[in-house]
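A.B. asks: Structure supplied as target-v8.txt; contents: compact mmCIF, C-alpha atoms.
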```txt
# COMPACT_ATOMS: atom_id res chain seq x y z
CA MET A 1 29.53 7.72 15.79
CA SER A 2 27.61 6.35 12.82
CA ARG A 3 27.29 8.62 9.81
CA LYS A 4 24.18 7.03 8.36
CA GLN A 5 21.18 5.55 10.14
CA VAL A 6 20.50 1.93 9.21
CA LYS A 7 17.44 1.56 7.02
CA GLY A 8 14.85 -0.83 8.34
CA GLU A 9 12.39 -2.87 6.33
CA TYR A 10 9.57 -0.43 7.19
CA ILE A 11 9.17 3.29 6.76
CA GLU A 12 7.36 4.67 9.81
CA THR A 13 5.37 7.88 9.35
CA ASP A 14 4.57 10.56 11.95
CA THR A 15 1.06 9.12 12.38
CA GLY A 16 2.43 5.64 13.14
CA ASN A 17 1.89 4.00 9.74
CA LYS A 18 4.37 1.21 8.97
CA VAL A 19 4.90 0.86 5.22
CA SER A 20 7.21 -1.81 3.84
CA ARG A 21 9.89 -0.51 1.50
CA LYS A 22 8.80 -3.29 -0.87
CA ALA A 23 5.14 -2.20 -0.94
CA ILE A 24 3.84 -0.81 -4.23
CA LEU A 25 2.00 2.48 -3.76
CA ILE A 26 1.02 4.11 -7.03
CA GLY A 27 -0.40 7.63 -7.00
CA THR A 28 0.47 8.36 -3.37
CA GLN A 29 -1.09 11.83 -3.53
CA HIS A 30 -4.50 10.09 -3.81
CA ILE A 31 -3.98 7.63 -0.91
CA MET A 32 -5.00 8.59 2.64
CA LEU A 33 -3.82 6.54 5.62
CA GLY A 34 -5.65 7.11 8.92
CA GLY A 35 -2.69 6.15 11.12
CA LYS A 36 -1.23 3.03 12.75
CA THR A 37 -1.74 1.10 9.50
CA VAL A 38 0.61 -1.69 8.39
CA ILE A 39 1.31 -2.22 4.69
CA GLN A 40 3.35 -5.38 4.04
CA ALA A 41 5.77 -6.12 1.20
CA GLU A 42 4.29 -6.51 -2.29
CA ALA A 43 0.95 -5.03 -1.19
CA MET A 44 -0.32 -2.76 -3.97
CA ILE A 45 -2.53 0.30 -3.58
CA ARG A 46 -3.67 1.90 -6.82
CA GLY A 47 -4.03 5.58 -5.97
CA ASP A 48 -3.46 6.50 -9.60
CA LEU A 49 -6.98 5.27 -10.40
CA ALA A 50 -8.53 8.47 -9.06
CA ARG A 51 -11.66 10.20 -10.23
CA THR A 52 -10.91 12.21 -13.32
CA GLY A 53 -11.66 15.92 -13.13
CA GLN A 54 -14.90 16.51 -15.00
CA PRO A 55 -15.73 19.99 -16.22
CA SER A 56 -18.80 20.94 -14.24
CA SER A 57 -21.18 23.82 -14.63
CA GLY A 58 -20.52 26.08 -11.66
CA SER A 59 -20.18 23.40 -8.97
CA ALA A 60 -17.30 23.49 -6.52
CA SER A 61 -17.27 19.72 -5.98
CA THR A 62 -14.16 19.19 -8.10
CA SER A 63 -12.10 21.55 -5.93
CA GLY A 64 -12.26 19.11 -2.98
CA SER A 65 -9.82 16.32 -2.34
CA ASN A 66 -9.44 13.69 -5.01
CA THR A 67 -8.81 10.68 -2.74
CA ALA A 68 -8.82 7.33 -4.54
CA VAL A 69 -8.19 5.08 -1.52
CA ALA A 70 -8.93 6.07 2.10
CA ILE A 71 -7.74 3.69 4.81
CA GLY A 72 -8.74 3.97 8.49
CA ARG A 73 -6.73 3.35 11.66
CA TYR A 74 -5.12 0.04 12.65
CA CYS A 75 -5.58 -1.57 9.23
CA TYR A 76 -3.33 -4.44 8.13
CA LEU A 77 -2.63 -5.07 4.45
CA SER A 78 -0.90 -8.44 3.98
CA LYS A 79 1.66 -9.48 1.38
CA GLY A 80 0.53 -9.44 -2.23
CA CYS A 81 -2.89 -7.90 -1.66
CA CYS A 82 -4.21 -5.27 -4.07
CA LEU A 83 -6.56 -2.36 -3.37
CA ARG A 84 -8.14 -0.78 -6.47
CA PRO A 85 -10.91 1.82 -6.56
CA PRO A 86 -14.01 0.62 -8.44
CA GLY A 87 -14.74 2.16 -11.84
CA ARG A 88 -17.80 2.72 -14.01
CA ILE A 89 -19.25 4.92 -16.72
CA TYR A 90 -20.66 8.11 -15.20
CA LYS A 91 -22.20 10.92 -17.26
CA GLY A 92 -20.89 9.43 -20.48
CA SER A 93 -17.26 8.84 -19.48
CA PHE A 94 -15.41 6.19 -17.50
CA THR A 95 -14.36 7.25 -14.00
CA TYR A 96 -13.16 5.73 -10.75
CA LEU A 97 -14.94 6.21 -7.43
CA PRO A 98 -13.19 6.15 -4.03
CA LEU A 99 -12.48 2.95 -2.08
CA ARG A 100 -12.99 3.53 1.66
CA LEU A 101 -11.80 1.23 4.46
CA GLY A 102 -12.88 1.68 8.08
CA ASP A 103 -10.77 1.01 11.18
CA HIS A 104 -9.31 -2.38 12.21
CA VAL A 105 -9.56 -3.95 8.72
CA PHE A 106 -7.39 -7.00 8.05
CA ILE A 107 -6.78 -7.97 4.41
CA GLY A 108 -5.12 -11.36 3.82
CA ASP A 109 -2.37 -12.44 1.42
CA GLY A 110 -3.15 -12.29 -2.29
CA THR A 111 -6.56 -10.65 -1.84
CA VAL A 112 -7.92 -8.22 -4.44
CA VAL A 113 -10.33 -5.55 -3.19
CA GLN A 114 -12.39 -3.32 -5.50
CA ALA A 115 -15.21 -2.57 -3.06
CA ALA A 116 -16.90 0.79 -2.64
CA THR A 117 -16.88 0.61 1.15
CA ILE A 118 -15.50 -1.71 3.81
CA GLY A 119 -16.71 -1.00 7.35
CA SER A 120 -14.77 -1.21 10.58
CA HIS A 121 -13.61 -4.42 12.30
CA VAL A 122 -13.61 -6.52 9.10
CA HIS A 123 -11.40 -9.58 8.55
CA ILE A 124 -10.84 -10.60 4.91
CA GLY A 125 -8.98 -13.89 4.45
CA GLN A 126 -6.36 -14.99 1.92
CA ASN A 127 -6.93 -15.11 -1.86
CA VAL A 128 -10.31 -13.39 -1.63
CA VAL A 129 -11.73 -11.35 -4.50
CA VAL A 130 -14.05 -8.50 -3.52
CA GLY A 131 -15.88 -7.31 -6.64
CA GLU A 132 -16.52 -3.76 -7.74
CA PHE A 133 -18.89 -1.62 -5.69
CA ALA A 134 -19.39 -4.29 -3.02
CA ILE A 135 -20.32 -2.88 0.37
CA ILE A 136 -19.08 -4.71 3.46
CA LYS A 137 -20.58 -3.53 6.74
CA ASP A 138 -18.99 -3.64 10.24
CA TYR A 139 -17.83 -6.83 12.05
CA VAL A 140 -17.72 -9.10 8.99
CA ARG A 141 -15.44 -12.11 8.52
CA ILE A 142 -14.79 -13.25 4.92
CA LEU A 143 -13.17 -16.68 4.79
CA ASP A 144 -10.21 -17.67 2.58
CA GLY A 145 -10.83 -18.13 -1.14
CA THR A 146 -14.20 -16.35 -1.18
CA VAL A 147 -15.34 -14.48 -4.30
CA VAL A 148 -17.62 -11.57 -3.42
CA PRO A 149 -19.55 -10.59 -6.57
CA PRO A 150 -19.80 -6.96 -7.70
CA ASN A 151 -22.48 -4.81 -5.98
CA MET A 152 -23.05 -7.32 -3.16
CA VAL A 153 -23.97 -5.84 0.24
CA ILE A 154 -22.76 -7.91 3.20
CA PRO A 155 -24.66 -7.12 6.43
CA SER A 156 -22.95 -6.50 9.78
CA PHE A 157 -21.93 -9.46 11.99
CA SER A 158 -21.84 -11.90 9.02
CA ILE A 159 -19.48 -14.74 8.22
CA VAL A 160 -19.17 -15.08 4.45
CA ALA A 161 -17.71 -17.85 2.24
CA GLY A 162 -18.09 -19.45 -1.18
CA GLN A 163 -17.74 -18.73 -4.87
CA PRO A 164 -19.94 -16.73 -5.28
CA ALA A 165 -20.03 -15.48 -1.69
CA ARG A 166 -22.99 -16.08 0.58
CA VAL A 167 -23.61 -15.57 4.28
CA ILE A 168 -22.92 -18.86 6.10
CA GLY A 169 -23.17 -17.68 9.70
CA GLU A 170 -23.01 -14.88 12.23
CA VAL A 171 -20.15 -13.54 14.32
CA PRO A 172 -20.89 -14.89 17.83
CA GLU A 173 -21.77 -12.54 20.65
CA GLY A 174 -18.61 -11.59 22.51
CA GLY A 175 -16.48 -12.49 19.47
CA HIS A 176 -15.88 -8.86 18.59
CA GLU A 177 -12.53 -8.62 20.37
CA ALA A 178 -10.99 -10.88 17.71
CA PHE A 179 -11.29 -8.00 15.23
CA GLU A 180 -9.01 -5.66 17.25
CA LEU A 181 -5.67 -5.17 15.45
CA ARG A 182 -3.77 -3.04 18.00
CA GLU A 183 -1.67 -5.99 19.23
CA LEU A 184 -0.91 -7.20 15.69
CA TYR A 185 0.25 -3.67 14.82
CA LYS A 186 2.88 -3.82 17.58
CA THR A 187 4.41 -7.04 16.17
CA VAL A 188 5.40 -5.35 12.89
CA GLY A 189 8.07 -2.80 12.12
CA ASN A 190 11.72 -2.15 12.69
CA ASN A 191 11.39 -2.88 16.46
CA PRO A 192 8.74 -5.63 16.64
CA GLN A 193 7.31 -6.90 19.90
CA PRO A 194 6.03 -10.47 20.33
CA LEU A 195 2.27 -11.09 20.52
CA PRO A 196 1.07 -11.48 24.12
CA ILE A 197 -0.12 -14.98 24.91
```
Spit out the file's structure as structure tokens when you get a sec.

C.D. replies:
Amino acid sequence: MSRKQVKGEYIETDTGNKVSRKAILIGTQHIMLGGKTVIQAEAMIRGDLARTGQPSSGSASTSGSNTAVAIGRYCYLSKGCCLRPPGRIYKGSFTYLPLRLGDHVFIGDGTVVQAATIGSHVHIGQNVVVGEFAIIKDYVRILDGTVVPPNMVIPSFSIVAGQPARVIGEVPEGGHEAFELRELYKTVGNNPQPLPI
């Protein structure tokens, strides 16, 4: 009879999230994971950069949740990527606004994301920089090494590349299944399964 359970590389939560023990999560009380999300080693999520509580005149908006980063279901954060909420001066003081990711979002190695919103079924390649307050709609593929400038809005079904980023094509009809991350989710964790061929 073993006295102590062997620790695996990943911590698995009740909602099916698989978080590497080597991931860097700062300000966890401000990070929301939707479930079935994979966070690889050395991935950094900056939850400490949350909106600062502003004294308001009689409004109850500050009593709500103070989420800095909200991540949907079946997201995959690769090694060395960084998620930071975007920040700006609002009503005379600097504050951070939430970073929201939809479902089935893949973020490649070494990518830095400071977007306002990333839709569902988005694939972001390796070493990409997504500038502050960028908005990425659904079914978008951002190729490796792309630099998305701040405040850029990328329309749905776009393929984006370049420095600075520009739309270079469209996701082909019927190519939407490539954005599903359920099978990739099963290949990670303490009991990984091989990808079906």

A.B. asks: Determine, counting all atoms listed in the file, which protein, DNA and RNA residues have an atom within 7 Å of an atom of Val113 of chain A; residues of the same chain fewer than 2 positions away are not included. Present the result as a short mmCIF file (atom, residue, chain, number, x, y, z; two decimals) with C-alpha atoms, keeping the file's coordinate frame.

C.D. replies:
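File written: part_8.cif
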```
data_model
loop_
_atom_site.label_atom_id
_atom_site.label_comp_id
_atom_site.auth_asym_id
_atom_site.auth_seq_id
_atom_site.Cartn_x
_atom_site.Cartn_y
_atom_site.Cartn_z
CA CYS A 82 -4.21 -5.27 -4.07
CA LEU A 83 -6.56 -2.36 -3.37
CA ARG A 84 -8.14 -0.78 -6.47
CA THR A 111 -6.56 -10.65 -1.84
CA ALA A 115 -15.21 -2.57 -3.06
CA VAL A 129 -11.73 -11.35 -4.50
CA VAL A 130 -14.05 -8.50 -3.52
CA GLY A 131 -15.88 -7.31 -6.64
#
```

A.B. asks: Neighbours of Gly162 of chain A within 8 Å (only C-alpha atoms; same-chain residues fewer than 6 positions away dropped), as a PyMOL selection string?

C.D. replies: chain A and resi 145-147

A.B. asks: Find the residues near Leu25 of chain A: any atom within 12 Å, counting only C-alpha atoms, skip ones fewer than 3 places away on the same chain, and give them as a ChimeraX atom specification.

C.D. replies: /A:19-22,28-33,39-49,68-69,81-84

A.B. asks: Quick one: residues within 9 Å of Leu101 of chain A, all atoms listed in the file counted, chain neighbours fewer than 5 positions away excluded, as a PDB file with C-alpha atoms, keeping the file's coordinate frame?

C.D. replies:
```pdb
ATOM      1  CA  VAL A  69      -8.190   5.080  -1.520  1.00  0.00           C
ATOM      2  CA  ALA A  70      -8.930   6.070   2.100  1.00  0.00           C
ATOM      3  CA  ILE A  71      -7.740   3.690   4.810  1.00  0.00           C
ATOM      4  CA  GLY A  72      -8.740   3.970   8.490  1.00  0.00           C
ATOM      5  CA  CYS A  75      -5.580  -1.570   9.230  1.00  0.00           C
ATOM      6  CA  ALA A 116     -16.900   0.790  -2.640  1.00  0.00           C
ATOM      7  CA  THR A 117     -16.880   0.610   1.150  1.00  0.00           C
ATOM      8  CA  ILE A 118     -15.500  -1.710   3.810  1.00  0.00           C
ATOM      9  CA  GLY A 119     -16.710  -1.000   7.350  1.00  0.00           C
ATOM     10  CA  SER A 120     -14.770  -1.210  10.580  1.00  0.00           C
TER      11      SER A 120
END
```

A.B. asks: Using all atoms listed in the file, determine which residues lie at most 10 Å from Gln126 of chain A, disregarding the query and same-chain residues fewer than 4 positions distant; provide the list as a PDB file with C-alpha atoms, keeping the file's coordinate frame.

C.D. replies:
```pdb
ATOM      1  CA  SER A  78      -0.900  -8.440   3.980  1.00  0.00           C
ATOM      2  CA  LYS A  79       1.660  -9.480   1.380  1.00  0.00           C
ATOM      3  CA  GLY A  80       0.530  -9.440  -2.230  1.00  0.00           C
ATOM      4  CA  CYS A  81      -2.890  -7.900  -1.660  1.00  0.00           C
ATOM      5  CA  ILE A 107      -6.780  -7.970   4.410  1.00  0.00           C
ATOM      6  CA  GLY A 108      -5.120 -11.360   3.820  1.00  0.00           C
ATOM      7  CA  ASP A 109      -2.370 -12.440   1.420  1.00  0.00           C
ATOM      8  CA  GLY A 110      -3.150 -12.290  -2.290  1.00  0.00           C
ATOM      9  CA  THR A 111      -6.560 -10.650  -1.840  1.00  0.00           C
ATOM     10  CA  VAL A 112      -7.920  -8.220  -4.440  1.00  0.00           C
ATOM     11  CA  ILE A 142     -14.790 -13.250   4.920  1.00  0.00           C
ATOM     12  CA  LEU A 143     -13.170 -16.680   4.790  1.00  0.00           C
ATOM     13  CA  ASP A 144     -10.210 -17.670   2.580  1.00  0.00           C
ATOM     14  CA  GLY A 145     -10.830 -18.130  -1.140  1.00  0.00           C
ATOM     15  CA  THR A 146     -14.200 -16.350  -1.180  1.00  0.00           C
TER      16      THR A 146
END
```
